>>> print(open('run-v4.txt').read())   # compact mmCIF, C-alpha atoms
# COMPACT_ATOMS: atom_id res chain seq x y z
CA MET A 1 17.30 -78.00 83.03
CA ARG A 2 16.94 -81.75 83.60
CA ILE A 3 13.18 -81.60 83.08
CA LYS A 4 13.53 -79.61 79.86
CA GLU A 5 16.12 -82.06 78.55
CA HIS A 6 13.78 -84.94 79.39
CA TRP A 7 10.97 -83.47 77.28
CA GLU A 8 13.24 -82.45 74.42
CA ASN A 9 14.39 -86.08 74.29
CA VAL A 10 10.81 -87.39 74.35
CA PHE A 11 9.69 -85.18 71.47
CA SER A 12 12.89 -85.86 69.51
CA THR A 13 12.67 -89.65 69.73
CA LYS A 14 8.96 -90.55 69.83
CA THR A 15 6.20 -89.99 67.31
CA GLU A 16 2.88 -88.55 68.45
CA ASN A 17 1.19 -91.95 68.73
CA GLU A 18 4.09 -93.46 70.67
CA VAL A 19 3.17 -91.49 73.81
CA SER A 20 0.35 -92.35 76.21
CA TRP A 21 -1.37 -88.95 76.08
CA TYR A 22 -2.05 -88.99 72.33
CA GLN A 23 -5.62 -88.07 71.32
CA ALA A 24 -6.69 -87.71 67.70
CA TYR A 25 -9.43 -85.37 68.88
CA PRO A 26 -9.62 -83.85 72.41
CA HIS A 27 -13.38 -84.27 72.74
CA ILE A 28 -13.60 -83.83 76.53
CA SER A 29 -11.73 -80.51 76.46
CA ILE A 30 -13.69 -79.26 73.46
CA ASP A 31 -17.00 -80.20 75.08
CA PHE A 32 -16.11 -78.18 78.18
CA ILE A 33 -14.87 -75.20 76.17
CA GLN A 34 -17.97 -75.06 74.02
CA GLN A 35 -20.16 -74.96 77.13
CA PHE A 36 -18.57 -71.61 78.04
CA GLN A 37 -19.84 -70.03 74.81
CA LEU A 38 -16.71 -67.92 74.41
CA ARG A 39 -16.34 -65.28 71.72
CA PHE A 40 -14.31 -66.47 68.76
CA ASP A 41 -11.76 -63.73 69.53
CA ALA A 42 -11.39 -64.86 73.16
CA GLN A 43 -7.82 -65.21 74.40
CA ILE A 44 -7.16 -68.93 74.94
CA ILE A 45 -3.97 -70.61 76.14
CA ASP A 46 -3.16 -74.32 76.08
CA VAL A 47 -0.37 -75.18 78.53
CA GLY A 48 1.77 -78.18 77.72
CA GLY A 49 -0.01 -78.30 74.39
CA GLY A 50 2.93 -78.78 72.06
CA ASP A 51 1.79 -82.16 70.77
CA SER A 52 -1.93 -81.80 71.41
CA TYR A 53 -4.66 -81.50 68.79
CA LEU A 54 -6.61 -78.96 70.85
CA ILE A 55 -5.35 -75.99 68.85
CA ASP A 56 -6.25 -77.73 65.58
CA ALA A 57 -9.79 -78.28 66.89
CA LEU A 58 -10.15 -74.70 68.15
CA LEU A 59 -8.98 -73.27 64.83
CA GLU A 60 -11.51 -75.47 63.06
CA LEU A 61 -14.24 -74.11 65.34
CA GLY A 62 -13.29 -70.53 64.43
CA PHE A 63 -11.21 -69.31 67.38
CA SER A 64 -8.50 -66.85 66.40
CA ASN A 65 -6.54 -65.69 69.49
CA LEU A 66 -4.77 -68.86 70.56
CA THR A 67 -1.55 -69.42 72.50
CA VAL A 68 0.37 -72.65 73.02
CA LEU A 69 3.00 -72.95 75.73
CA ASP A 70 5.33 -75.92 76.10
CA ILE A 71 8.65 -76.50 77.82
CA SER A 72 9.90 -78.37 74.75
CA ALA A 73 11.06 -76.42 71.71
CA LYS A 74 10.85 -79.65 69.71
CA ALA A 75 7.18 -80.09 70.64
CA ILE A 76 6.42 -76.54 69.55
CA GLU A 77 8.32 -77.08 66.30
CA ARG A 78 6.25 -80.19 65.58
CA LEU A 79 3.02 -78.30 66.20
CA LYS A 80 4.10 -75.40 63.99
CA ASN A 81 4.90 -77.80 61.18
CA ARG A 82 1.57 -79.57 61.53
CA LEU A 83 -0.52 -76.39 61.62
CA GLY A 84 1.35 -74.67 58.80
CA SER A 85 -0.42 -71.63 57.40
CA ARG A 86 -3.53 -72.31 59.50
CA ALA A 87 -1.67 -70.73 62.43
CA ASN A 88 -0.89 -67.46 60.65
CA ASN A 89 -1.93 -64.48 62.81
CA LYS A 90 -4.03 -66.80 64.98
CA VAL A 91 -1.57 -68.78 67.13
CA THR A 92 1.21 -67.55 69.42
CA PHE A 93 3.90 -70.12 70.29
CA ILE A 94 5.80 -69.91 73.59
CA VAL A 95 8.66 -72.14 74.76
CA SER A 96 8.85 -71.91 78.54
CA ASP A 97 8.69 -73.82 81.79
CA ILE A 98 5.26 -72.94 83.14
CA LEU A 99 6.79 -71.89 86.48
CA ASP A 100 8.93 -69.32 84.64
CA PHE A 101 6.06 -67.98 82.53
CA ASP A 102 5.46 -64.24 82.85
CA PRO A 103 2.11 -63.67 81.12
CA THR A 104 1.42 -60.39 79.35
CA VAL A 105 -2.13 -61.30 78.25
CA ALA A 106 -5.29 -61.69 80.35
CA TYR A 107 -6.61 -65.02 79.12
CA ASP A 108 -10.32 -65.75 78.89
CA LEU A 109 -9.57 -69.48 79.06
CA TRP A 110 -6.63 -71.38 80.50
CA HIS A 111 -6.47 -75.05 79.48
CA ASP A 112 -4.06 -77.68 80.76
CA ARG A 113 -4.27 -81.41 80.20
CA ALA A 114 -0.54 -82.06 80.19
CA SER A 115 1.50 -80.08 82.71
CA PHE A 116 -0.19 -79.77 86.09
CA HIS A 117 0.22 -83.35 87.29
CA PHE A 118 4.01 -83.19 86.79
CA LEU A 119 4.28 -80.65 89.61
CA THR A 120 4.97 -82.71 92.72
CA GLU A 121 6.21 -80.19 95.29
CA LYS A 122 3.84 -77.97 97.27
CA ASN A 123 5.69 -74.77 96.38
CA GLN A 124 5.53 -75.63 92.66
CA ILE A 125 1.80 -76.29 92.83
CA GLN A 126 1.15 -73.05 94.72
CA LYS A 127 3.25 -71.06 92.24
CA TYR A 128 1.36 -72.60 89.32
CA ALA A 129 -1.96 -71.51 90.84
CA LYS A 130 -0.61 -67.97 91.26
CA VAL A 131 0.62 -67.85 87.65
CA ILE A 132 -2.84 -68.81 86.42
CA ALA A 133 -4.51 -66.32 88.75
CA LEU A 134 -2.35 -63.49 87.37
CA ALA A 135 -2.85 -64.58 83.78
CA THR A 136 -6.62 -65.09 83.79
CA ALA A 137 -9.18 -62.33 83.28
CA ASP A 138 -11.96 -61.76 85.83
CA ASN A 139 -14.60 -64.42 85.21
CA GLY A 140 -12.12 -66.20 82.95
CA LYS A 141 -12.37 -69.97 82.78
CA LEU A 142 -9.91 -72.65 83.84
CA VAL A 143 -10.05 -76.22 82.52
CA ILE A 144 -7.59 -78.64 84.12
CA GLY A 145 -7.33 -82.29 83.13
CA THR A 146 -5.04 -84.32 85.37
CA PHE A 147 -4.53 -87.85 86.63
CA SER A 148 -7.16 -88.92 89.14
CA GLU A 149 -6.57 -91.00 92.24
CA LYS A 150 -7.47 -94.03 90.09
CA GLY A 151 -4.87 -93.07 87.50
CA PRO A 152 -1.18 -93.92 87.11
CA THR A 153 1.50 -92.75 89.52
CA LYS A 154 4.02 -92.08 86.76
CA CYS A 155 3.93 -90.70 83.23
CA SER A 156 6.78 -90.69 80.73
CA GLY A 157 8.99 -92.09 83.47
CA LEU A 158 8.31 -89.16 85.80
CA THR A 159 6.48 -89.20 89.13
CA ILE A 160 3.17 -87.32 89.02
CA THR A 161 0.59 -86.00 91.49
CA GLN A 162 -2.87 -87.57 91.53
CA TYR A 163 -5.96 -85.49 92.24
CA SER A 164 -9.54 -85.75 93.43
CA GLU A 165 -12.16 -83.05 93.02
CA ILE A 166 -11.58 -81.95 96.63
CA LYS A 167 -7.80 -81.71 96.16
CA MET A 168 -8.24 -79.66 92.99
CA ILE A 169 -10.59 -77.24 94.72
CA GLU A 170 -8.10 -76.82 97.58
CA VAL A 171 -5.35 -75.81 95.12
CA PHE A 172 -7.36 -73.16 93.26
CA GLN A 173 -10.06 -71.96 95.68
CA ALA A 174 -8.19 -68.78 96.67
CA TYR A 175 -8.53 -67.47 93.11
CA PHE A 176 -11.25 -69.50 91.41
CA ASP A 177 -14.80 -70.68 92.01
CA PHE A 178 -15.41 -74.33 91.25
CA ILE A 179 -17.88 -75.11 88.45
CA ALA A 180 -17.84 -78.84 87.78
CA SER A 181 -15.73 -81.96 87.47
CA LYS A 182 -15.80 -85.14 85.46
CA GLU A 183 -13.78 -88.35 85.62
CA VAL A 184 -12.90 -89.82 82.24
CA GLU A 185 -11.10 -92.90 80.99
CA HIS A 186 -8.47 -92.17 78.37
CA GLN A 187 -7.49 -95.02 76.09
CA THR A 188 -3.82 -94.78 75.20
CA PRO A 189 -2.38 -95.82 71.81
CA PHE A 190 -1.24 -98.99 73.61
CA THR A 191 -4.90 -99.89 74.42
CA THR A 192 -4.38 -99.33 78.14
CA ILE A 193 -6.72 -97.11 80.16
CA GLN A 194 -5.73 -94.06 82.21
CA ASN A 195 -8.20 -92.37 84.55
CA PHE A 196 -8.28 -88.57 84.45
CA ILE A 197 -10.28 -85.96 86.31
CA PHE A 198 -11.22 -82.73 84.55
CA CYS A 199 -12.20 -79.73 86.66
CA ASN A 200 -13.62 -76.40 85.52
CA PHE A 201 -13.32 -73.16 87.45
CA LYS A 202 -14.22 -69.49 87.03
CA ARG A 203 -11.79 -66.71 88.02
CA LYS A 204 -13.04 -64.68 90.97
CA ILE A 205 -13.41 -60.94 90.42
CA ARG A 206 -10.47 -59.12 91.96
>>> encode(input="run-v4.txt", output="structure tokens")
Amino acid sequence: MRIKEHWENVFSTKTENEVSWYQAYPHISIDFIQQFQLRFDAQIIDVGGGDSYLIDALLELGFSNLTVLDISAKAIERLKNRLGSRANNKVTFIVSDILDFDPTVAYDLWHDRASFHFLTEKNQIQKYAKVIALATADNGKLVIGTFSEKGPTKCSGLTITQYSEIKMIEVFQAYFDFIASKEVEHQTPFTTIQNFIFCNFKRKIR
């Protein structure tokens, strides 16, 4: 409960451009997603996406089966208010800790730029990989953006886990085939730079 309370407090007290992860347009994620040439009715989930503009961008591109999951009800409320009628019959909103998520949909794309690096214990990381494996369709795509080994060691006051391409492959290789990776520099609203690594994977056929 402590983690949930932390995030409810963050999203209740800070505006979207008062947090380091703010992006007016998630161009790296969108570039990766467009490379997959998904159908517009593909099932797409954004994990930890309550205050992200990814869903806005995907709706603008024409995607219509979108899901957003966030541990914070306040973050989801903010996103609902921002999207308004654009979300009607196109976006499903889920408030849940990702480790408690019991998916009922086989997603064609799983995207996470916000949650994965906050898992710091081996059993949490392994469980997360299993949740994705269960929730992703055969040949489904996985896009993970997380702090690289050049990035910060904390975010929002919480300790995080840094990753290299090799470490990311080790986490997901039982279920996914590696496609590509890219290191990027994210400029925060405070004009500081955070180094991320994005990795793409394809779900192995069961």
>>> atom_distance(input="run-v4.txt", atom1="atom CA of Arg82 of chain A", atom2="atom CA of Leu59 of chain A")
12.7 Å
>>> closest_residue(input="run-v4.txt", among="A:Ala137, A:Ile166, A:Val171, A:Ile179", to="Arg206 of chain A", atoms="all atoms listed in the file")
A:Ala137
>>> closest_residue(input="run-v4.txt", among="A:Ala57, A:Glu8, A:Trp110, A:Ala73", to="Ile28 of chain A", atoms="all atoms listed in the file")
A:Ala57
>>> atom_distance(input="run-v4.txt", atom1="atom CA of Phe196 of chain A", atom2="atom CA of Glu170 of chain A")
17.6 Å
>>> closest_residue(input="run-v4.txt", among="A:Ala135, A:Ala114, A:Ile144, A:Val68", to="Ile160 of chain A", atoms="only C-alpha atoms")
A:Ala114
>>> closest_residue(input="run-v4.txt", among="A:Phe118, A:Tyr163, A:Phe63, A:Tyr175", to="Asp41 of chain A", atoms="only C-alpha atoms")
A:Phe63
>>> atom_distance(input="run-v4.txt", atom1="atom CA of Val105 of chain A", atom2="atom CA of Lys141 of chain A")
14.2 Å
>>> residues_near_point(input="run-v4.txt", point="(-2.4, -83.4, 93.1)", cutoff="12 Å", atoms="only C-alpha atoms", output="PDB file with C-alpha atoms, keeping the file's coordinate frame")
ATOM      1  CA  SER A 115       1.500 -80.080  82.710  1.00  0.00           C
ATOM      2  CA  PHE A 116      -0.190 -79.770  86.090  1.00  0.00           C
ATOM      3  CA  HIS A 117       0.220 -83.350  87.290  1.00  0.00           C
ATOM      4  CA  PHE A 118       4.010 -83.190  86.790  1.00  0.00           C
ATOM      5  CA  LEU A 119       4.280 -80.650  89.610  1.00  0.00           C
ATOM      6  CA  THR A 120       4.970 -82.710  92.720  1.00  0.00           C
ATOM      7  CA  GLU A 121       6.210 -80.190  95.290  1.00  0.00           C
ATOM      8  CA  LYS A 122       3.840 -77.970  97.270  1.00  0.00           C
ATOM      9  CA  GLN A 124       5.530 -75.630  92.660  1.00  0.00           C
ATOM     10  CA  ILE A 125       1.800 -76.290  92.830  1.00  0.00           C
ATOM     11  CA  GLN A 126       1.150 -73.050  94.720  1.00  0.00           C
ATOM     12  CA  ILE A 144      -7.590 -78.640  84.120  1.00  0.00           C
ATOM     13  CA  GLY A 145      -7.330 -82.290  83.130  1.00  0.00           C
ATOM     14  CA  THR A 146      -5.040 -84.320  85.370  1.00  0.00           C
ATOM     15  CA  PHE A 147      -4.530 -87.850  86.630  1.00  0.00           C
ATOM     16  CA  SER A 148      -7.160 -88.920  89.140  1.00  0.00           C
ATOM     17  CA  GLU A 149      -6.570 -91.000  92.240  1.00  0.00           C
ATOM     18  CA  GLY A 151      -4.870 -93.070  87.500  1.00  0.00           C
ATOM     19  CA  THR A 153       1.500 -92.750  89.520  1.00  0.00           C
ATOM     20  CA  THR A 159       6.480 -89.200  89.130  1.00  0.00           C
ATOM     21  CA  ILE A 160       3.170 -87.320  89.020  1.00  0.00           C
ATOM     22  CA  THR A 161       0.590 -86.000  91.490  1.00  0.00           C
ATOM     23  CA  GLN A 162      -2.870 -87.570  91.530  1.00  0.00           C
ATOM     24  CA  TYR A 163      -5.960 -85.490  92.240  1.00  0.00           C
ATOM     25  CA  SER A 164      -9.540 -85.750  93.430  1.00  0.00           C
ATOM     26  CA  GLU A 165     -12.160 -83.050  93.020  1.00  0.00           C
ATOM     27  CA  ILE A 166     -11.580 -81.950  96.630  1.00  0.00           C
ATOM     28  CA  LYS A 167      -7.800 -81.710  96.160  1.00  0.00           C
ATOM     29  CA  MET A 168      -8.240 -79.660  92.990  1.00  0.00           C
ATOM     30  CA  ILE A 169     -10.590 -77.240  94.720  1.00  0.00           C
ATOM     31  CA  GLU A 170      -8.100 -76.820  97.580  1.00  0.00           C
ATOM     32  CA  VAL A 171      -5.350 -75.810  95.120  1.00  0.00           C
ATOM     33  CA  PHE A 172      -7.360 -73.160  93.260  1.00  0.00           C
ATOM     34  CA  PHE A 196      -8.280 -88.570  84.450  1.00  0.00           C
ATOM     35  CA  ILE A 197     -10.280 -85.960  86.310  1.00  0.00           C
TER      36      ILE A 197
END
>>> residues_around(input="run-v4.txt", residues="segment 183-191 of chain A", least_positions_apart="3", cutoff="8 Å", atoms="only C-alpha atoms", output="ChimeraX atom specification")
/A:17-23,148,194-198
>>> closest_residue(input="run-v4.txt", among="A:Ala174, A:Cys199, A:Lys90, A:Thr136", to="Pro103 of chain A", atoms="all atoms listed in the file")
A:Thr136
>>> closest_residue(input="run-v4.txt", among="A:Gly140, A:Gly157, A:Gly62, A:Gly50", to="Arg86 of chain A", atoms="all atoms listed in the file")
A:Gly62
>>> residues_around(input="run-v4.txt", residues="Thr13 of chain A", least_positions_apart="6", cutoff="12 Å", atoms="all atoms listed in the file", output="list of chain:residue names")
A:His6, A:Trp7, A:Val19, A:Lys74, A:Ala75
>>> residues_near_point(input="run-v4.txt", point="(12.8, -84.9, 67.4)", cutoff="12 Å", atoms="all atoms listed in the file", output="ChimeraX atom specification")
/A:5,7-16,51,72-79
>>> residues_around(input="run-v4.txt", residues="His27 of chain A", least_positions_apart="6", cutoff="10 Å", atoms="all atoms listed in the file", output="list in words")
Ile33, Tyr53, Leu54 and Ala57 of chain A
>>> residues_around(input="run-v4.txt", residues="Leu61 of chain A", least_positions_apart="3", cutoff="10 Å", atoms="only C-alpha atoms", output="list in words")
Ile30, Gln34, Phe40, Ile55, Asp56, Ala57, Leu58 and Ser64 of chain A
>>> residues_around(input="run-v4.txt", residues="Gln43 of chain A", least_positions_apart="6", cutoff="6 Å", atoms="all atoms listed in the file", output="VMD selection string")
chain A and resid 65 107 to 108
